[in-house]
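Q: A single structure is presented below for examination.
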Amino acid sequence: MRQYDLTPLYRTAIGFDRLAKMLNDVQRNENEVSYPPYNIELVDDNAYKIVMAVAGFESHELDIESEQQTLRVFGRKTKPVSETTYLHRGIASRDFEHKFQLADHVKVIDAALAHGLLTITLQREIPEALKPRKIAISTASNQPYLSQQAA
């Protein structure tokens with residue numbers, strides 16, 4: 001496993017500590033078991049879907065939290081009333097917690113559970129102040145300040 005030293009970045013750049021923390025977190029999480037399996041889909045330039053295979057979980061056993069730029073999905077399986085004797089147990093039903101790091105301005109729009117798949121819809125909502133805007137170009141003839149200076 002590689003470990004990167006980001007100290008030179010800290011000496012010359014301000015505000016990149018969050019990026020460095022995110023890179024370190026990714027390195028740590030590489031070895032974690034990715035249960036339950038999931039897909040991340042790019043729907044369009046500003047829309048995403050996370051689809052998690054949560055077979056055996058009901059909606060009341062799942063929780064989704066969004067705080068700042070972190071999305072957490074929890075699965076807490078309720079204990080069955082009667083014990084079942086399995087001859088083979090291939091469907092996992094253990095508790096889980098999965099974290100996703102969200103980019104700036106990415107919001108959770110919707111979550112749905114159908115056919116054992118939890119689908120979380122995300123949308124990047126760029127504030128008006130950050131969107132590109134057209135700047136009108138004026139000429140000297142319709143600007144009184146420039147006309148007075150030329151005279």
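Naming works like this for the structure tokens: A, B, ... for the chains as they're shown, residue 1 at the start of each chain, ligands 1 onward in shown order.
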If you take only C-alpha atoms and a cut-off of 6 Å, which residues of stretch 103-141 of chain A touch stretch 32-49 of chain A, and what are their nearest atom pairs and distances in Å to one decimal, in chain and number order, as a tab-separated table?
A:
residue	atom	partner	partner_atom	distance
A:Ile120	CA	A:Lys49	CA	5.6
A:Thr121	CA	A:Lys49	CA	4.7
A:Leu122	CA	A:Tyr48	CA	5.0
A:Gln123	CA	A:Ala47	CA	4.5
A:Arg124	CA	A:Asn46	CA	4.9
Q: From a DSSP pass on the backbone, collect the residues of stretch 68-116 of chain A flagged as strand (DSSP E) and hand them back as a PyMOL selection string.
A: chain A and resi 70-75+96-101+106-114
Q: Any chance you can output those residues with N, CA and C atoms as a compact mmCIF listing (two decimals), in the first residue's frame?
A:
# COMPACT_ATOMS: atom_id res chain seq x y z
N THR A 70 -21.14 14.31 3.33
CA THR A 70 -21.10 12.87 3.58
C THR A 70 -22.50 12.30 3.54
N LEU A 71 -22.65 11.22 2.78
CA LEU A 71 -23.90 10.48 2.73
C LEU A 71 -23.65 9.14 3.41
N ARG A 72 -24.48 8.81 4.41
CA ARG A 72 -24.34 7.53 5.12
C ARG A 72 -25.60 6.71 4.91
N VAL A 73 -25.40 5.44 4.61
CA VAL A 73 -26.51 4.50 4.47
C VAL A 73 -26.31 3.42 5.51
N PHE A 74 -27.32 3.22 6.36
CA PHE A 74 -27.27 2.23 7.44
C PHE A 74 -28.30 1.15 7.17
N GLY A 75 -27.95 -0.08 7.50
CA GLY A 75 -28.88 -1.19 7.49
C GLY A 75 -28.80 -1.90 8.83
N PHE A 96 -25.00 -3.09 8.32
CA PHE A 96 -23.96 -2.41 7.55
C PHE A 96 -24.08 -0.90 7.71
N GLU A 97 -22.98 -0.25 7.42
CA GLU A 97 -22.92 1.21 7.32
C GLU A 97 -21.98 1.52 6.17
N HIS A 98 -22.47 2.30 5.23
CA HIS A 98 -21.65 2.66 4.08
C HIS A 98 -21.64 4.17 3.93
N LYS A 99 -20.44 4.74 3.72
CA LYS A 99 -20.29 6.19 3.58
C LYS A 99 -19.89 6.53 2.16
N PHE A 100 -20.48 7.61 1.66
CA PHE A 100 -20.12 8.16 0.36
C PHE A 100 -19.74 9.61 0.56
N GLN A 101 -18.66 10.03 -0.04
CA GLN A 101 -18.22 11.43 0.03
C GLN A 101 -18.85 12.16 -1.16
N VAL A 106 -23.87 18.79 -4.15
CA VAL A 106 -24.60 17.57 -4.50
C VAL A 106 -25.57 17.26 -3.37
N LYS A 107 -26.84 17.16 -3.73
CA LYS A 107 -27.91 16.95 -2.75
C LYS A 107 -28.64 15.64 -3.03
N VAL A 108 -29.14 15.01 -1.96
CA VAL A 108 -29.95 13.81 -2.10
C VAL A 108 -31.37 14.26 -2.45
N ILE A 109 -31.89 13.75 -3.55
CA ILE A 109 -33.22 14.14 -4.02
C ILE A 109 -34.28 13.14 -3.57
N ASP A 110 -33.95 11.83 -3.67
CA ASP A 110 -34.97 10.81 -3.43
C ASP A 110 -34.30 9.49 -3.07
N ALA A 111 -35.04 8.63 -2.41
CA ALA A 111 -34.59 7.27 -2.13
C ALA A 111 -35.79 6.34 -2.27
N ALA A 112 -35.56 5.21 -2.91
CA ALA A 112 -36.65 4.25 -3.12
C ALA A 112 -36.12 2.83 -2.97
N LEU A 113 -36.96 1.96 -2.43
CA LEU A 113 -36.61 0.55 -2.25
C LEU A 113 -37.59 -0.29 -3.07
N ALA A 114 -37.07 -1.05 -4.03
CA ALA A 114 -37.91 -1.91 -4.85
C ALA A 114 -37.11 -3.12 -5.29
Q: Report, in Å with one decimal, the straight-line distance from atom CA of A:Glu58 to atom CA of A:Thr119.
A: 13.4 Å
Q: One decimal, Å: what's the distance from atom CA of A:His88 over to atom CA of A:Ala53, could you say?
A: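 Result for atom CA of A:His88 versus atom CA of A:Ala53: 20.0 Å, one decimal.
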Q: In Å, rounded to a single decimal, give me how far atom CA of A:Asp104 is from atom CA of A:Pro127.
A: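 One can read the atom CA of A:Pro127 to atom CA of A:Asp104 distance as 10.5 Å.
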Q: Looking at A:Ser138, A:Ile126, A:Leu118, A:Pro80, which one is nearest to A:Asp63, with distances taken over only C-alpha atoms?
A: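 When distances to A:Asp63 are compared using only C-alpha atoms, the smallest one comes from A:Leu118.
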